[in-house]
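A.B. asks: Pasting a structure below so you can have a look.
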Amino acid sequence: MRQFQLLFLILSPLMSAQADTKIAMRVLRDECLGCHKPGKAKGGLLLTTREKMILGGDNGASVVPGKAEESPLYQLVLAEADPHMPPKKQISKAQIAALDAWIKAGAPWDASVFDELPKAAPVTLAPLPATYQPVLALAISPDEKRLAIAAGSRVHLHDLSKPENPRIGSLSGHDEAVQSVVWTLDGKTLITGGFRQIRLWDATTQQSTGQITTAFIGNLTALALTADQRTLFAADGEAGGAGFIHRIDLVEKKVLATWKAHDDNIYALKLSPDGKALASAAADKLARLWNMADGKLISSYEGHTNHVLSVAFNKDATQLATAGADREIKVWDVKSREQDVTLGDKKTAFTALAWTPDGKALVAVTEKGGGSIYTELKKHDGAQRSDTAKQAKLASASGMLYSVAVTGDAKRVFAGSDDGKVWLWDGSGKQTGSIAP
């Protein structure tokens with residue numbers, strides 16, 4: 001018994017110091033890191049490692065270990081500070097005290113804090129304006145007879161088997177904009193992701209059959225569902241924060257695992273056709289490939305110079321297409337991570353991608369209301385971009401396009417715009433109509 005008491009007395013101060021370090025670094029993560037990370041280092045200051053934090057930014061060192069009174073990182077969070085950090089916000093006295101004690105202790109570092117899922121901050125939601133209905137997500141049912149349109153906080157269902165594509169119902173239940181939509185393989189259930197909430201809907205009765213709200217911290221920007229309809233992957237993250245992926249048991253409606261996947265918000269998820277890998281695309285300029293079974297990183301694809309907004313696999317998962325705000329589409333060899341094809345005229349950002357199941361057509365839409373259908377992709381060998389694929393341009397629509405869906409034969413293309421309208425094209429790129437908001 002004395003041995004255990006002695007061990008406790010020895011370890012207790014160490015455990016307390018580790019806890020204090022975590023508390024202080026969570027303040028850094030939640031209140032500071034959003035403006036001081038790669039790609040967004042305000043004042044030249046990075047807070048991603050201890051060395052970079054101490055090195056400081058344009059105005060010199062940010063932390064002097066052991067001396068809080070000489071550390072700008074601490075001094076600027078005080079209530080009377082001018083300039084003040086974070087801008088337009090005052091952190092709590094407990095958070096200030098944690099930073100003070102941490103710096104005086106030498107600013108020890110625990111990088112594992114940055115991989116934790118932050119605690120969700122309390123929010124008060126106001127009703128969305130009725131005019132706010134950007135189409136952030138589209139999904140065609142597996143039988144290609146219905147189209148789900150996420151417009152604002154509602155999801156509208158349309159009948160694609162009729163020429164006029166009439167609306168056959170609407171789903172209401174989300175408080176904020178619906179960011180993601182996916183059908184189950186049997187077409188019986190529709191799954192929608194919004195702010196801190198995933199909802200399941202009976203596609204026939206159009207009634208909610210359940211929801212998942214635990215563990216989420218921000219917008220559920222992307223969803224991917226396994227073929228057995230049991231496991232759902234969801235992208236989550238606070239604005240400006242890290243991007244996390246949740247693995248969810250859809251039958252039990254509970255989160256099984258969560259991991260930090262990117263240093264910034266995730267915009268897209270896609271499961272490989274063979275069901276072995278999950279691709280993600282994010283604002284940290286990266287696309288990544290994850291082992292679906294255990295969530296371990298397989299590979300990263302680096303080459304974009306701005307946000308990567310969309311990702312898609314070819315039919316046999318040997319190629320991965322990514323598109324982004326740097327105005328380029330890159331097609332990668334999955335195994336070698338080399339760029340096989342580069343598409344785009346560098347004049348407008350690509351916002352969404354879709355690759356047909358047969359791998360014959362890659363469809364992309366842009367921020368300026370246009371897009372292209374690419375076929376006959378050829379590995380880039382130094383020739384001009386126009387020689388790497390056959391291109392049919394989509395006749396320009398009005399407004400920015402956020403989302404795209406295409407039928408399996410590539411003869412019908414749908415894209416959602418910022419004003420709630422869904423535009424339609426045929427396989428040649430000719431505009432064939434629209435679905436009103």
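Please note that chains go A, B, ... in the order of the structure tokens, that every chain numbers its residues from 1, and that ligands are numbered from 1 in the order shown.
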Using only C-alpha atoms, which residues sit within 12 Å of stretch 46-57 of chain A once same-chain residues fewer than 6 positions away are excluded, as JSON, numbers by chain?
C.D. replies: {"A": [25, 26, 27, 28, 29, 30, 31, 32, 33, 34, 35, 36, 37, 38, 39, 40, 63, 64, 65, 66, 70, 71, 72, 73, 103, 106, 107, 108, 109, 110, 111, 112, 113, 114, 115, 242, 263]}
A.B. asks: Put those residues in a file: N, CA and C atoms, as a compact mmCIF listing (two decimals), in the first residue's frame.
C.D. replies:
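Writing done, so here's out-v9.txt:
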```txt
# COMPACT_ATOMS: atom_id res chain seq x y z
N MET A 25 -2.81 24.61 -24.16
CA MET A 25 -2.69 24.39 -25.61
C MET A 25 -4.05 24.28 -26.27
N ARG A 26 -5.06 23.90 -25.51
CA ARG A 26 -6.41 23.92 -26.08
C ARG A 26 -6.88 25.35 -26.30
N VAL A 27 -6.41 26.27 -25.47
CA VAL A 27 -6.71 27.69 -25.70
C VAL A 27 -6.06 28.13 -27.01
N LEU A 28 -4.80 27.73 -27.23
CA LEU A 28 -4.12 28.04 -28.48
C LEU A 28 -4.90 27.48 -29.67
N ARG A 29 -5.28 26.23 -29.55
CA ARG A 29 -5.98 25.55 -30.65
C ARG A 29 -7.33 26.20 -30.96
N ASP A 30 -8.11 26.49 -29.93
CA ASP A 30 -9.47 26.97 -30.13
C ASP A 30 -9.56 28.46 -30.40
N GLU A 31 -8.61 29.24 -29.87
CA GLU A 31 -8.73 30.69 -29.96
C GLU A 31 -7.70 31.35 -30.89
N CYS A 32 -6.61 30.66 -31.17
CA CYS A 32 -5.50 31.30 -31.90
C CYS A 32 -5.14 30.63 -33.21
N LEU A 33 -5.22 29.31 -33.26
CA LEU A 33 -4.68 28.56 -34.39
C LEU A 33 -5.38 28.88 -35.70
N GLY A 34 -6.66 29.25 -35.64
CA GLY A 34 -7.41 29.54 -36.85
C GLY A 34 -6.78 30.62 -37.71
N CYS A 35 -6.08 31.57 -37.06
CA CYS A 35 -5.45 32.69 -37.79
C CYS A 35 -3.93 32.53 -37.89
N HIS A 36 -3.39 31.48 -37.30
CA HIS A 36 -1.94 31.32 -37.27
C HIS A 36 -1.53 29.89 -37.60
N LYS A 37 -1.89 29.50 -38.83
CA LYS A 37 -1.55 28.17 -39.33
C LYS A 37 -1.10 28.30 -40.78
N PRO A 38 -0.49 27.27 -41.35
CA PRO A 38 -0.03 27.36 -42.73
C PRO A 38 -1.15 27.79 -43.67
N GLY A 39 -0.84 28.75 -44.52
CA GLY A 39 -1.84 29.28 -45.45
C GLY A 39 -2.62 30.44 -44.89
N LYS A 40 -2.50 30.67 -43.58
CA LYS A 40 -3.22 31.78 -42.95
C LYS A 40 -2.44 32.25 -41.73
N VAL A 63 6.42 34.18 -27.69
CA VAL A 63 6.47 33.61 -26.35
C VAL A 63 7.91 33.58 -25.86
N VAL A 64 8.12 34.06 -24.64
CA VAL A 64 9.41 33.94 -23.97
C VAL A 64 9.21 32.94 -22.84
N PRO A 65 9.64 31.69 -23.00
CA PRO A 65 9.40 30.67 -21.98
C PRO A 65 9.85 31.12 -20.59
N GLY A 66 8.93 30.97 -19.63
CA GLY A 66 9.23 31.35 -18.25
C GLY A 66 8.85 32.78 -17.92
N GLU A 70 6.67 39.06 -20.59
CA GLU A 70 7.43 39.47 -21.78
C GLU A 70 6.96 38.74 -23.04
N SER A 71 5.86 38.02 -22.93
CA SER A 71 5.35 37.22 -24.05
C SER A 71 4.13 37.89 -24.67
N PRO A 72 4.26 38.41 -25.90
CA PRO A 72 3.12 39.05 -26.57
C PRO A 72 1.89 38.15 -26.66
N LEU A 73 2.08 36.84 -26.83
CA LEU A 73 0.94 35.94 -26.94
C LEU A 73 0.06 36.04 -25.70
N ILE A 103 3.11 29.44 -19.70
CA ILE A 103 4.32 30.14 -20.15
C ILE A 103 5.34 30.20 -19.02
N GLY A 106 7.48 27.30 -18.68
CA GLY A 106 8.41 27.04 -19.78
C GLY A 106 7.75 26.72 -21.10
N ALA A 107 6.41 26.85 -21.16
CA ALA A 107 5.64 26.57 -22.38
C ALA A 107 5.91 25.18 -22.94
N PRO A 108 5.75 24.13 -22.13
CA PRO A 108 5.94 22.76 -22.64
C PRO A 108 4.92 22.46 -23.73
N TRP A 109 5.25 21.56 -24.62
CA TRP A 109 4.44 21.32 -25.82
C TRP A 109 3.83 19.93 -25.81
N ASP A 110 2.57 19.84 -26.22
CA ASP A 110 1.89 18.55 -26.37
C ASP A 110 1.10 18.59 -27.67
N ALA A 111 1.73 18.14 -28.75
CA ALA A 111 1.12 18.23 -30.08
C ALA A 111 -0.15 17.41 -30.22
N SER A 112 -0.36 16.43 -29.33
CA SER A 112 -1.55 15.59 -29.44
C SER A 112 -2.84 16.39 -29.28
N VAL A 113 -2.75 17.55 -28.63
CA VAL A 113 -3.92 18.40 -28.43
C VAL A 113 -4.52 18.82 -29.77
N PHE A 114 -3.65 19.06 -30.77
CA PHE A 114 -4.13 19.53 -32.06
C PHE A 114 -4.88 18.46 -32.83
N ASP A 115 -4.75 17.21 -32.40
CA ASP A 115 -5.47 16.12 -33.07
C ASP A 115 -6.78 15.78 -32.38
N ALA A 242 -9.59 22.75 -37.80
CA ALA A 242 -9.16 21.51 -38.44
C ALA A 242 -10.35 20.74 -38.99
N ASP A 263 -5.71 19.91 -41.72
CA ASP A 263 -5.46 21.07 -40.87
C ASP A 263 -6.46 22.19 -41.11
```
A.B. asks: Assign secondary structure with DSSP using the backbone only, and return the residues of stretch 251-300 of chain A in strand (DSSP E) as a PyMOL selection string.
C.D. replies: chain A and resi 254-262+266-271+277-282+286-291+297-300
A.B. asks: Residues near A:Gln179, anyone? I mean within 9 Å using only C-alpha atoms, not counting same-chain ones fewer than 3 positions away, as a ChimeraX atom specification.
C.D. replies: /A:135-137,150-153,176,192-195,219-222
A.B. asks: Taking C-alpha atoms for each residue, export the selection above as a short mmCIF file (atom, residue, chain, number, x, y, z; two decimals), in the first residue's frame.
C.D. replies:
```cif
data_model
loop_
_atom_site.label_atom_id
_atom_site.label_comp_id
_atom_site.auth_asym_id
_atom_site.auth_seq_id
_atom_site.Cartn_x
_atom_site.Cartn_y
_atom_site.Cartn_z
CA VAL A 135 -27.82 24.40 -53.65
CA LEU A 136 -24.80 23.08 -51.76
CA ALA A 137 -25.47 19.43 -52.52
CA ALA A 150 -30.30 20.60 -50.85
CA ALA A 151 -31.41 24.24 -51.02
CA GLY A 152 -30.90 26.26 -47.88
CA SER A 153 -32.20 24.33 -44.88
CA GLU A 176 -29.06 25.62 -40.94
CA THR A 192 -28.59 14.67 -45.01
CA GLY A 193 -25.91 16.59 -43.15
CA GLY A 194 -26.23 20.11 -41.77
CA PHE A 195 -24.92 22.03 -38.79
CA ASN A 219 -21.03 21.80 -40.46
CA LEU A 220 -21.25 18.25 -41.83
CA THR A 221 -19.82 19.25 -45.19
CA ALA A 222 -19.58 15.82 -46.83
#
```
A.B. asks: I need the residue nearest A:Val365 from this list: A:Leu401, A:Ala68, A:Ala395, A:Leu271. Use only C-alpha atoms for the distance.
C.D. replies: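 When distances to A:Val365 are compared using only C-alpha atoms, the smallest one comes from A:Leu401.
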A.B. asks: For A:Asp264, find every residue with an atom within 6 Å (counting only C-alpha atoms), except residues of its own chain fewer than 2 positions away, and show them as a ChimeraX atom specification.
C.D. replies: /A:241-243,262,283-284
A.B. asks: Please write the residues from the selection above to a file, keeping C-alpha atoms, as an mmCIF file, in the first residue's frame.
C.D. replies:
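Just written: selection_33.cif:
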```
data_model
loop_
_atom_site.group_PDB
_atom_site.id
_atom_site.type_symbol
_atom_site.label_atom_id
_atom_site.label_comp_id
_atom_site.auth_asym_id
_atom_site.auth_seq_id
_atom_site.Cartn_x
_atom_site.Cartn_y
_atom_site.Cartn_z
ATOM 1 C CA GLY A 241 -10.500 24.970 -37.726
ATOM 2 C CA ALA A 242 -9.158 21.509 -38.445
ATOM 3 C CA GLY A 243 -11.116 18.979 -40.487
ATOM 4 C CA HIS A 262 -6.762 17.828 -42.366
ATOM 5 C CA ALA A 283 -8.881 23.809 -47.566
ATOM 6 C CA ASP A 284 -5.305 22.915 -46.549
#
```
A.B. asks: When you count only C-alpha atoms, which of these residues is closest to A:Leu232: A:Ala261, A:Met292, A:Lys276, A:His307?
C.D. replies: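 Of all the options, A:Met292 lies closest to A:Leu232.
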A.B. asks: Write out as a ChimeraX atom specification each polymer residue whose atoms come within 10 Å of A:Ala389, counting only C-alpha atoms; drop sequence neighbours fewer than 4 positions from it.
C.D. replies: /A:341-343,362,373-380,385
A.B. asks: Rounded to one decimal, what separation in Å do you get between atom CA of A:Asp175 and atom CA of A:Leu128?
C.D. replies: 7.6 Å
A.B. asks: List the spatial neighbours of A:Arg196 as a ChimeraX atom specification - criterion: any atom at most 12 Å away, only C-alpha atoms, same-chain residues fewer than 4 positions off excluded.
C.D. replies: /A:120-123,125,174-179,192,211-221,234-238,246
A.B. asks: What is the distance, in Å and to one decimal place, between atom CA of A:His158 and atom CA of A:Ala227?
C.D. replies: 23.8 Å
A.B. asks: Pick out the closest residue to A:Asp426 from this set: A:Leu269, A:Leu171, A:Leu394, A:Leu256. Count only C-alpha atoms.
C.D. replies: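 Among A:Leu269, A:Leu171, A:Leu394, A:Leu256, it is A:Leu394 that comes nearest to A:Asp426.
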A.B. asks: Rounded to one decimal, what separation in Å do you get between atom CA of A:Arg167 and atom CA of A:Ala415?
C.D. replies: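 Calculated distance between atom CA of A:Arg167 and atom CA of A:Ala415 is 16.4 Å.
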A.B. asks: With only C-alpha atoms as the counted atoms, please give the residues lying no more than 6 Å from A:Tyr267, apart from itself and same-chain residues fewer than 3 positions off, as number ranges by chain.
C.D. replies: A: 221, 281-282, 309
